[in-house]
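Printed here is start_21.tsv (TSV, C-alpha atoms):
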```tsv
chain	number	residue	atom	x	y	z
Z	1	MET	CA	3.02	-16.76	72.49
Z	2	TYR	CA	6.72	-17.31	71.79
Z	3	HIS	CA	7.82	-20.85	72.69
Z	4	LEU	CA	11.43	-21.42	73.76
Z	5	THR	CA	13.24	-24.77	73.73
Z	6	ILE	CA	16.67	-25.83	74.99
Z	7	ASP	CA	18.80	-28.97	74.98
Z	8	LYS	CA	19.30	-30.09	78.57
Z	9	SER	CA	21.83	-32.72	77.44
Z	10	SER	CA	24.11	-30.03	75.97
Z	11	ALA	CA	27.33	-29.04	77.74
Z	12	ARG	CA	26.47	-25.36	77.14
Z	13	PRO	CA	25.06	-23.77	80.33
Z	14	ILE	CA	21.28	-23.53	80.31
Z	15	TYR	CA	21.18	-19.76	80.89
Z	16	LEU	CA	23.41	-19.26	77.83
Z	17	GLN	CA	21.15	-21.49	75.76
Z	18	ILE	CA	18.17	-19.38	76.83
Z	19	LYS	CA	20.09	-16.23	75.93
Z	20	ASP	CA	21.05	-17.72	72.53
Z	21	ARG	CA	17.48	-18.76	71.71
Z	22	LEU	CA	16.05	-15.36	72.62
Z	23	LEU	CA	18.73	-13.59	70.57
Z	24	GLU	CA	17.99	-15.84	67.59
Z	25	ALA	CA	14.30	-15.03	67.91
Z	26	ILE	CA	15.08	-11.30	67.94
Z	27	GLU	CA	17.53	-11.53	65.02
Z	28	GLN	CA	15.09	-13.61	62.94
Z	29	GLY	CA	12.10	-11.36	63.66
Z	30	GLN	CA	10.15	-13.83	65.75
Z	31	LEU	CA	10.34	-11.27	68.54
Z	32	GLN	CA	9.89	-7.71	67.30
Z	33	PRO	CA	11.15	-4.44	68.85
Z	34	GLY	CA	8.70	-3.31	71.49
Z	35	GLN	CA	7.13	-6.76	71.84
Z	36	LYS	CA	6.60	-8.11	75.34
Z	37	ILE	CA	8.32	-11.43	76.00
Z	38	PRO	CA	7.03	-14.14	78.36
Z	39	SER	CA	7.82	-13.53	82.02
Z	40	ALA	CA	10.72	-15.26	83.74
Z	41	ARG	CA	8.19	-17.39	85.61
Z	42	ASP	CA	6.40	-18.39	82.40
Z	43	LEU	CA	9.68	-19.23	80.66
Z	44	SER	CA	10.95	-21.24	83.62
Z	45	GLU	CA	7.73	-23.28	83.67
Z	46	GLN	CA	7.76	-23.66	79.90
Z	47	ILE	CA	11.26	-25.17	79.70
Z	48	GLY	CA	11.42	-26.73	83.16
Z	49	VAL	CA	14.28	-24.78	84.72
Z	50	SER	CA	14.59	-22.49	87.72
Z	51	ARG	CA	13.38	-18.89	87.53
Z	52	LEU	CA	16.85	-17.71	88.64
Z	53	THR	CA	18.39	-19.40	85.59
Z	54	VAL	CA	16.00	-17.56	83.28
Z	55	LEU	CA	16.63	-14.27	85.09
Z	56	GLN	CA	20.38	-14.65	84.55
Z	57	ALA	CA	19.82	-14.90	80.79
Z	58	LEU	CA	17.42	-11.94	80.81
Z	59	ARG	CA	19.88	-9.79	82.78
Z	60	GLU	CA	22.61	-10.41	80.20
Z	61	LEU	CA	20.29	-9.51	77.33
Z	62	THR	CA	19.21	-6.38	79.18
Z	63	HIS	CA	22.86	-5.40	79.68
Z	64	LEU	CA	23.38	-5.80	75.92
Z	65	GLY	CA	20.43	-3.51	75.23
Z	66	ARG	CA	18.39	-6.24	73.55
Z	67	LEU	CA	15.72	-6.25	76.29
Z	68	PHE	CA	14.36	-3.63	78.68
Z	69	THR	CA	12.02	-3.87	81.64
Z	70	VAL	CA	9.11	-1.58	82.51
Z	71	SER	CA	8.16	-1.77	86.18
Z	72	GLY	CA	4.77	-3.40	86.63
Z	73	LYS	CA	4.40	-4.20	82.91
Z	74	GLY	CA	7.09	-6.72	82.02
Z	75	THR	CA	10.12	-7.20	79.77
Z	76	PHE	CA	10.21	-6.03	76.16
Z	77	VAL	CA	12.45	-6.33	73.10
Z	78	GLY	CA	14.66	-3.26	72.76
Z	79	ARG	CA	14.88	-0.98	69.76
Z	80	VAL	CA	18.55	-0.89	68.78
Z	81	GLU	CA	19.80	2.25	67.06
Z	82	LYS	CA	22.25	1.51	64.27
Z	83	LEU	CA	25.47	3.53	64.22
Z	84	GLU	CA	26.67	5.04	60.95
Z	85	PRO	CA	30.39	5.74	60.50
Z	86	ASN	CA	31.10	7.39	57.16
Z	87	ILE	CA	33.48	5.09	55.25
Z	88	ARG	CA	34.21	7.75	52.65
Z	89	THR	CA	36.66	9.13	55.21
Z	90	VAL	CA	39.51	7.36	56.99
Z	91	TRP	CA	37.96	6.73	60.39
Z	92	GLY	CA	39.33	5.42	63.62
Z	93	PHE	CA	36.86	3.64	65.88
Z	94	THR	CA	37.69	5.54	69.08
Z	95	GLU	CA	37.81	9.02	67.55
Z	96	THR	CA	34.70	8.54	65.40
Z	97	PHE	CA	32.34	7.32	68.09
Z	98	ARG	CA	33.65	9.52	70.90
Z	99	ALA	CA	32.86	12.48	68.66
Z	100	GLN	CA	29.28	11.17	68.43
Z	101	GLY	CA	28.99	11.06	72.22
Z	102	TYR	CA	29.45	7.33	72.77
Z	103	ARG	CA	31.61	5.80	75.48
Z	104	THR	CA	34.17	3.72	73.57
Z	105	GLY	CA	36.26	0.85	74.85
Z	106	SER	CA	38.55	-1.96	73.75
Z	107	GLN	CA	39.45	-5.35	75.10
Z	108	LEU	CA	42.77	-6.71	73.92
Z	109	ILE	CA	42.36	-10.27	72.68
Z	110	LEU	CA	45.83	-10.83	71.20
Z	111	PHE	CA	49.03	-8.94	70.49
Z	112	ASP	CA	51.93	-10.76	68.86
Z	113	VAL	CA	54.26	-10.72	65.86
Z	114	ILE	CA	53.61	-12.90	62.82
Z	115	ASN	CA	55.17	-13.31	59.39
Z	116	ALA	CA	53.29	-11.73	56.51
Z	117	ASN	CA	51.46	-14.19	54.30
Z	118	ALA	CA	51.04	-13.50	50.58
Z	119	ALA	CA	47.83	-11.48	50.98
Z	120	ALA	CA	49.13	-9.29	53.81
Z	121	ALA	CA	52.47	-8.77	52.04
Z	122	ARG	CA	50.68	-7.65	48.89
Z	123	ALA	CA	48.41	-5.26	50.79
Z	124	LEU	CA	51.28	-3.68	52.76
Z	125	GLU	CA	53.73	-3.80	49.83
Z	126	VAL	CA	56.39	-5.77	51.68
Z	127	PRO	CA	58.06	-9.14	51.00
Z	128	GLU	CA	56.37	-12.27	52.27
Z	129	LYS	CA	57.41	-13.31	55.78
Z	130	THR	CA	58.06	-9.69	56.78
Z	131	PRO	CA	57.43	-9.45	60.57
Z	132	LEU	CA	54.06	-7.83	61.27
Z	133	TYR	CA	52.42	-6.69	64.47
Z	134	HIS	CA	49.18	-8.66	64.86
Z	135	LEU	CA	46.67	-6.85	67.07
Z	136	VAL	CA	43.19	-8.26	67.81
Z	137	ARG	CA	40.73	-6.15	69.82
Z	138	LYS	CA	37.08	-6.39	70.76
Z	139	ARG	CA	35.52	-2.97	70.30
Z	140	LEU	CA	32.86	-1.68	72.71
Z	141	LEU	CA	30.30	1.11	72.65
Z	142	ASN	CA	28.71	2.01	75.98
Z	143	ASP	CA	30.20	-1.24	77.34
Z	144	GLN	CA	28.48	-3.36	74.68
Z	145	PRO	CA	30.48	-5.41	72.13
Z	146	VAL	CA	29.97	-4.22	68.54
Z	147	GLY	CA	33.02	-5.48	66.64
Z	148	VAL	CA	36.25	-7.45	66.47
Z	149	GLU	CA	39.16	-5.81	64.68
Z	150	THR	CA	42.34	-7.57	63.58
Z	151	THR	CA	45.10	-5.12	62.64
Z	152	HIS	CA	48.42	-5.77	60.89
Z	153	LEU	CA	51.27	-3.25	60.77
Z	154	VAL	CA	54.88	-3.66	59.68
Z	155	GLN	CA	56.94	-4.13	62.84
Z	156	ALA	CA	60.00	-2.27	61.54
Z	157	GLU	CA	57.94	0.86	60.85
Z	158	PHE	CA	56.54	1.08	64.40
Z	159	PRO	CA	59.20	0.01	66.90
Z	160	GLY	CA	57.89	-0.19	70.46
Z	161	LEU	CA	54.25	-0.58	69.54
Z	162	GLU	CA	54.01	-3.45	72.01
Z	163	LEU	CA	54.69	-1.06	74.91
Z	164	PHE	CA	51.27	0.62	74.76
Z	165	ASP	CA	48.16	-0.44	76.65
Z	166	TRP	CA	45.79	-1.48	73.87
Z	167	ASN	CA	42.90	-1.79	76.28
Z	168	LYS	CA	43.02	2.02	76.50
Z	169	GLU	CA	44.93	3.58	73.62
Z	170	SER	CA	43.61	4.76	70.25
Z	171	LEU	CA	45.79	3.31	67.48
Z	172	TYR	CA	45.37	6.29	65.17
Z	173	SER	CA	46.26	8.72	67.96
Z	174	ILE	CA	49.43	6.73	68.65
Z	175	LEU	CA	50.33	6.60	64.95
Z	176	ARG	CA	50.05	10.38	64.72
Z	177	GLU	CA	51.54	11.43	68.04
Z	178	ARG	CA	54.26	8.81	68.55
Z	179	TYR	CA	55.27	7.95	64.99
Z	180	GLY	CA	54.28	11.06	63.02
Z	181	MET	CA	52.16	9.05	60.58
Z	182	ASP	CA	48.72	10.31	59.59
Z	183	PRO	CA	46.42	7.86	57.75
Z	184	VAL	CA	44.57	9.86	55.09
Z	185	CYS	CA	43.44	7.50	52.32
Z	186	GLY	CA	43.00	3.84	51.44
Z	187	TYR	CA	40.63	1.10	50.39
Z	188	ASN	CA	37.69	-0.37	52.30
Z	189	TYR	CA	36.05	-3.60	51.13
Z	190	ILE	CA	32.72	-4.65	52.67
Z	191	GLU	CA	30.81	-7.90	52.42
Z	192	ALA	CA	28.18	-9.90	54.24
Z	193	ALA	CA	29.31	-12.83	56.37
Z	194	ALA	CA	28.12	-15.15	59.12
Z	195	ALA	CA	29.65	-15.09	62.59
Z	196	ASP	CA	31.87	-18.07	63.30
Z	197	GLU	CA	31.98	-19.59	66.76
Z	198	THR	CA	34.81	-17.37	68.06
Z	199	THR	CA	33.32	-14.16	66.68
Z	200	ALA	CA	29.88	-15.04	68.02
Z	201	ARG	CA	31.29	-15.62	71.49
Z	202	LEU	CA	33.20	-12.32	71.48
Z	203	LEU	CA	30.22	-10.32	70.22
Z	204	SER	CA	27.61	-12.05	72.40
Z	205	ILE	CA	25.53	-13.17	69.41
Z	206	PRO	CA	24.45	-16.63	68.20
Z	207	LYS	CA	26.75	-18.50	65.83
Z	208	SER	CA	25.97	-17.85	62.13
Z	209	THR	CA	24.32	-14.49	62.87
Z	210	PRO	CA	24.72	-12.14	59.85
Z	211	VAL	CA	27.59	-9.68	60.36
Z	212	LEU	CA	29.40	-7.00	58.37
Z	213	SER	CA	32.90	-8.06	57.34
Z	214	THR	CA	35.36	-5.40	56.16
Z	215	GLU	CA	38.94	-5.28	54.95
Z	216	ARG	CA	40.70	-1.92	55.09
Z	217	ILE	CA	44.08	-0.88	53.71
Z	218	THR	CA	45.09	2.52	55.07
Z	219	CYS	CA	47.72	4.76	53.46
Z	220	LEU	CA	49.71	7.91	54.14
Z	221	SER	CA	49.53	10.99	51.91
Z	222	ASN	CA	52.38	9.56	49.81
Z	223	LEU	CA	50.15	6.47	49.20
Z	224	HIS	CA	52.39	4.21	51.27
Z	225	PRO	CA	50.17	1.54	52.93
Z	226	ILE	CA	50.75	1.25	56.67
Z	227	GLU	CA	47.79	-0.72	57.99
Z	228	LEU	CA	45.75	-3.78	57.03
Z	229	VAL	CA	42.61	-4.33	59.11
Z	230	HIS	CA	40.07	-7.13	59.01
Z	231	SER	CA	36.95	-6.27	61.00
Z	232	VAL	CA	33.68	-7.97	61.84
Z	233	TYR	CA	30.83	-5.80	63.12
Z	234	ARG	CA	27.41	-6.62	64.49
Z	235	ALA	CA	24.96	-5.89	61.69
Z	236	ASP	CA	22.24	-5.10	64.23
Z	237	ARG	CA	24.32	-2.29	65.73
Z	238	LEU	CA	26.23	-0.84	62.80
Z	239	ARG	CA	25.67	0.10	59.20
Z	240	LEU	CA	28.30	1.75	57.03
Z	241	LYS	CA	27.47	5.05	55.37
Z	242	VAL	CA	28.93	6.29	52.06
Z	243	GLU	CA	28.37	9.93	51.14
Z	244	MET	CA	27.83	10.37	47.40
Z	245	THR	CA	28.52	13.36	45.16
Z	246	ALA	CA	28.03	14.29	41.52
Z	247	GLU	CA	31.55	15.67	41.44
Z	248	ASN	CA	34.41	13.65	39.99
Z	249	PRO	CA	37.49	14.39	42.10
Z	250	ILE	CA	40.87	12.99	41.15
Z	251	ASN	CA	41.34	9.59	42.73
Z	252	MET	CA	44.93	9.35	43.92
Z	253	LEU	CA	44.75	5.63	44.41
Z	254	THR	CA	43.50	5.03	40.86
Z	255	ALA	CA	46.24	7.29	39.56
Z	256	LYS	CA	48.80	5.24	41.44
Z	257	MET	CA	47.47	2.01	39.93
Z	258	LYS	CA	47.78	3.45	36.42
Z	259	GLN	CA	51.41	4.30	37.06
Z	260	THR	CA	52.29	0.71	37.97
```
Could you write out this structure as structure tokens?
Amino acid sequence: MYHLTIDKSSARPIYLQIKDRLLEAIEQGQLQPGQKIPSARDLSEQIGVSRLTVLQALRELTHLGRLFTVSGKGTFVGRVEKLEPNIRTVWGFTETFRAQGYRTGSQLILFDVINANAAAARALEVPEKTPLYHLVRKRLLNDQPVGVETTHLVQAEFPGLELFDWNKESLYSILRERYGMDPVCGYNYIEAAAADETTARLLSIPKSTPVLSTERITCLSNLHPIELVHSVYRADRLRLKVEMTAENPINMLTAKMKQT
């Protein structure tokens, strides 16, 4: 039987510690999809806390889709379907997953203006210290957090961007409809990473959980870069698909690099 331990001297609430430990056990394979977990009563007796405290942790994990309850049988580890956006195409989060039938959502974490550092300036082909919009959003699917996206755009190219409600609006729809700019090509870099404390809190996962980290530079048809995005996605909910072909189409971005 799975044995759960917590630190009662910790400042972190006990129900969150229980939630963290169960998530870690699921992520590390100690608890497998479909496996029955100990009852709230058994867990409360095992760690010496109230049954209501355990139930609070189990409710949160159920809301996240990591657990499910069968009446009269108990609580089980959920089977999480991984989502597969195709990164061969320029994809916007809202448009892509709505088309697949998911209920999408965003929670605005931060919107401000910053000066471009060397890396951002190079990616967006502007001088250093150019004012950039800095937009941080938590992305949701069916009310569950799956990613954190940090977007940079040149302020002078998108005047009034701060007037939109970024808890509701699709950025790519706004770029097309309000500014007449259609992202059609770019670069997407993907690597493995571990969730830091802030990311873990926003995505409701334990700190150091493996995540997918991406950096995307999006361009217009004239190859002008308009967007730099750093994203972190839950690796248990998302995997990135690349469609392959034997054909060898002309790569506009490579052609541009050869010209410079």
Next item on the list: Might you pull out every residue within 12 Å of Z:Arg201, with all atoms listed in the file counted and same-chain residues fewer than 4 positions away left off, and present them as a PyMOL selection string?
Entry: chain Z and resi 16+20+138+145-148+195-197+205-209
Item checked: Polymer residues at most 12 Å from Z:Leu55, only C-alpha atoms, same-chain spacing of 3 or more positions, as a list in words ->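 Counting only the stated atoms, we get Ile14, Tyr15, Leu16, Ile18, Lys19, Pro38, Ser39, Ala40, Arg41, Asp42, Leu43, Ser44, Val49, Ser50, Arg51, Leu52, Leu58, Arg59, Glu60, Leu61, Thr62, Leu67, Thr69 and Thr75 of chain Z.
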Export, as a CSV table (one decimal), in the frame of the given file, the selected residues with C-alpha atoms.
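Below is the file selection-v1.csv, written as the result:
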```csv
chain,number,residue,atom,x,y,z
Z,14,ILE,CA,21.3,-23.5,80.3
Z,15,TYR,CA,21.2,-19.8,80.9
Z,16,LEU,CA,23.4,-19.3,77.8
Z,18,ILE,CA,18.2,-19.4,76.8
Z,19,LYS,CA,20.1,-16.2,75.9
Z,38,PRO,CA,7.0,-14.1,78.4
Z,39,SER,CA,7.8,-13.5,82.0
Z,40,ALA,CA,10.7,-15.3,83.7
Z,41,ARG,CA,8.2,-17.4,85.6
Z,42,ASP,CA,6.4,-18.4,82.4
Z,43,LEU,CA,9.7,-19.2,80.7
Z,44,SER,CA,11.0,-21.2,83.6
Z,49,VAL,CA,14.3,-24.8,84.7
Z,50,SER,CA,14.6,-22.5,87.7
Z,51,ARG,CA,13.4,-18.9,87.5
Z,52,LEU,CA,16.8,-17.7,88.6
Z,58,LEU,CA,17.4,-11.9,80.8
Z,59,ARG,CA,19.9,-9.8,82.8
Z,60,GLU,CA,22.6,-10.4,80.2
Z,61,LEU,CA,20.3,-9.5,77.3
Z,62,THR,CA,19.2,-6.4,79.2
Z,67,LEU,CA,15.7,-6.2,76.3
Z,69,THR,CA,12.0,-3.9,81.6
Z,75,THR,CA,10.1,-7.2,79.8
```
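Atom CA of Z:Leu240 is found 11.1 Å from atom CA of Z:Tyr189.
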Note to self: Rounded to one decimal, what separation in Å do you get between atom CA of Z:Leu23 and atom CA of Z:Leu202?
What the structure shows: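 Computed distance, atom CA of Z:Leu23 to atom CA of Z:Leu202, equals 14.6 Å.
Candidate residues Z:Asn167, Z:Thr151, Z:Ser213, Z:Gln144 were compared for distance to Z:Gly65, and the nearest is Z:Gln144, using only C-alpha atoms.
Here atom CA of Z:Glu191 is placed at a distance of 8.9 Å from atom CA of Z:Glu215.
Nearest-residue note for Z:Arg234: choosing from Z:Asp7, Z:Glu128, Z:Glu27, Z:Glu162, the minimum distance belongs to Z:Glu27, counting all atoms listed in the file.
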Margin query: Between Z:Leu124, Z:Leu141, Z:Leu153, Z:Leu171, which residue has the minimum interatomic distance to Z:His224, considering all atoms listed in the file?
Written below: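 For Z:His224, the nearest of the given residues is Z:Leu124.
Around the coordinate (51.1, 12.6, 57.8), residues that reach within 10 Å when counting only C-alpha atoms are Leu175, Arg176, Tyr179, Gly180, Met181, Asp182, Pro183, Val184, Cys219, Leu220, Ser221 and Asn222 of chain Z.
Residues with any atom within 12 Å of Z:Gly160, counting only C-alpha atoms and excluding same-chain neighbours fewer than 2 positions away, are Tyr133, Val154, Gln155, Ala156, Glu157, Phe158, Glu162, Leu163, Phe164, Asp165, Ile174, Leu175, Arg178 and Tyr179 of chain Z.
Closest approach to Z:Asn188 among Z:Ser231, Z:Ser204, Z:Thr150, Z:Ser10: Z:Ser231, based on all atoms listed in the file.
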Check: Hey, which of Z:Pro210, Z:His230, Z:Lys168, Z:Glu177 ends up closest to Z:Ile190? Count only C-alpha atoms.
Finding: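 Closest residue, counting only C-alpha atoms: Z:His230.
Protein and nucleic acid residues near (43.5, -0.9, 52.1) are Ala123, Leu124, Cys185, Gly186, Tyr187, Asn188, Tyr189, Glu215, Arg216, Ile217, Thr218, Cys219, Pro225, Ile226, Glu227, Leu228 and Val229 of chain Z, the criterion being any atom at most 9 Å away using all atoms listed in the file.
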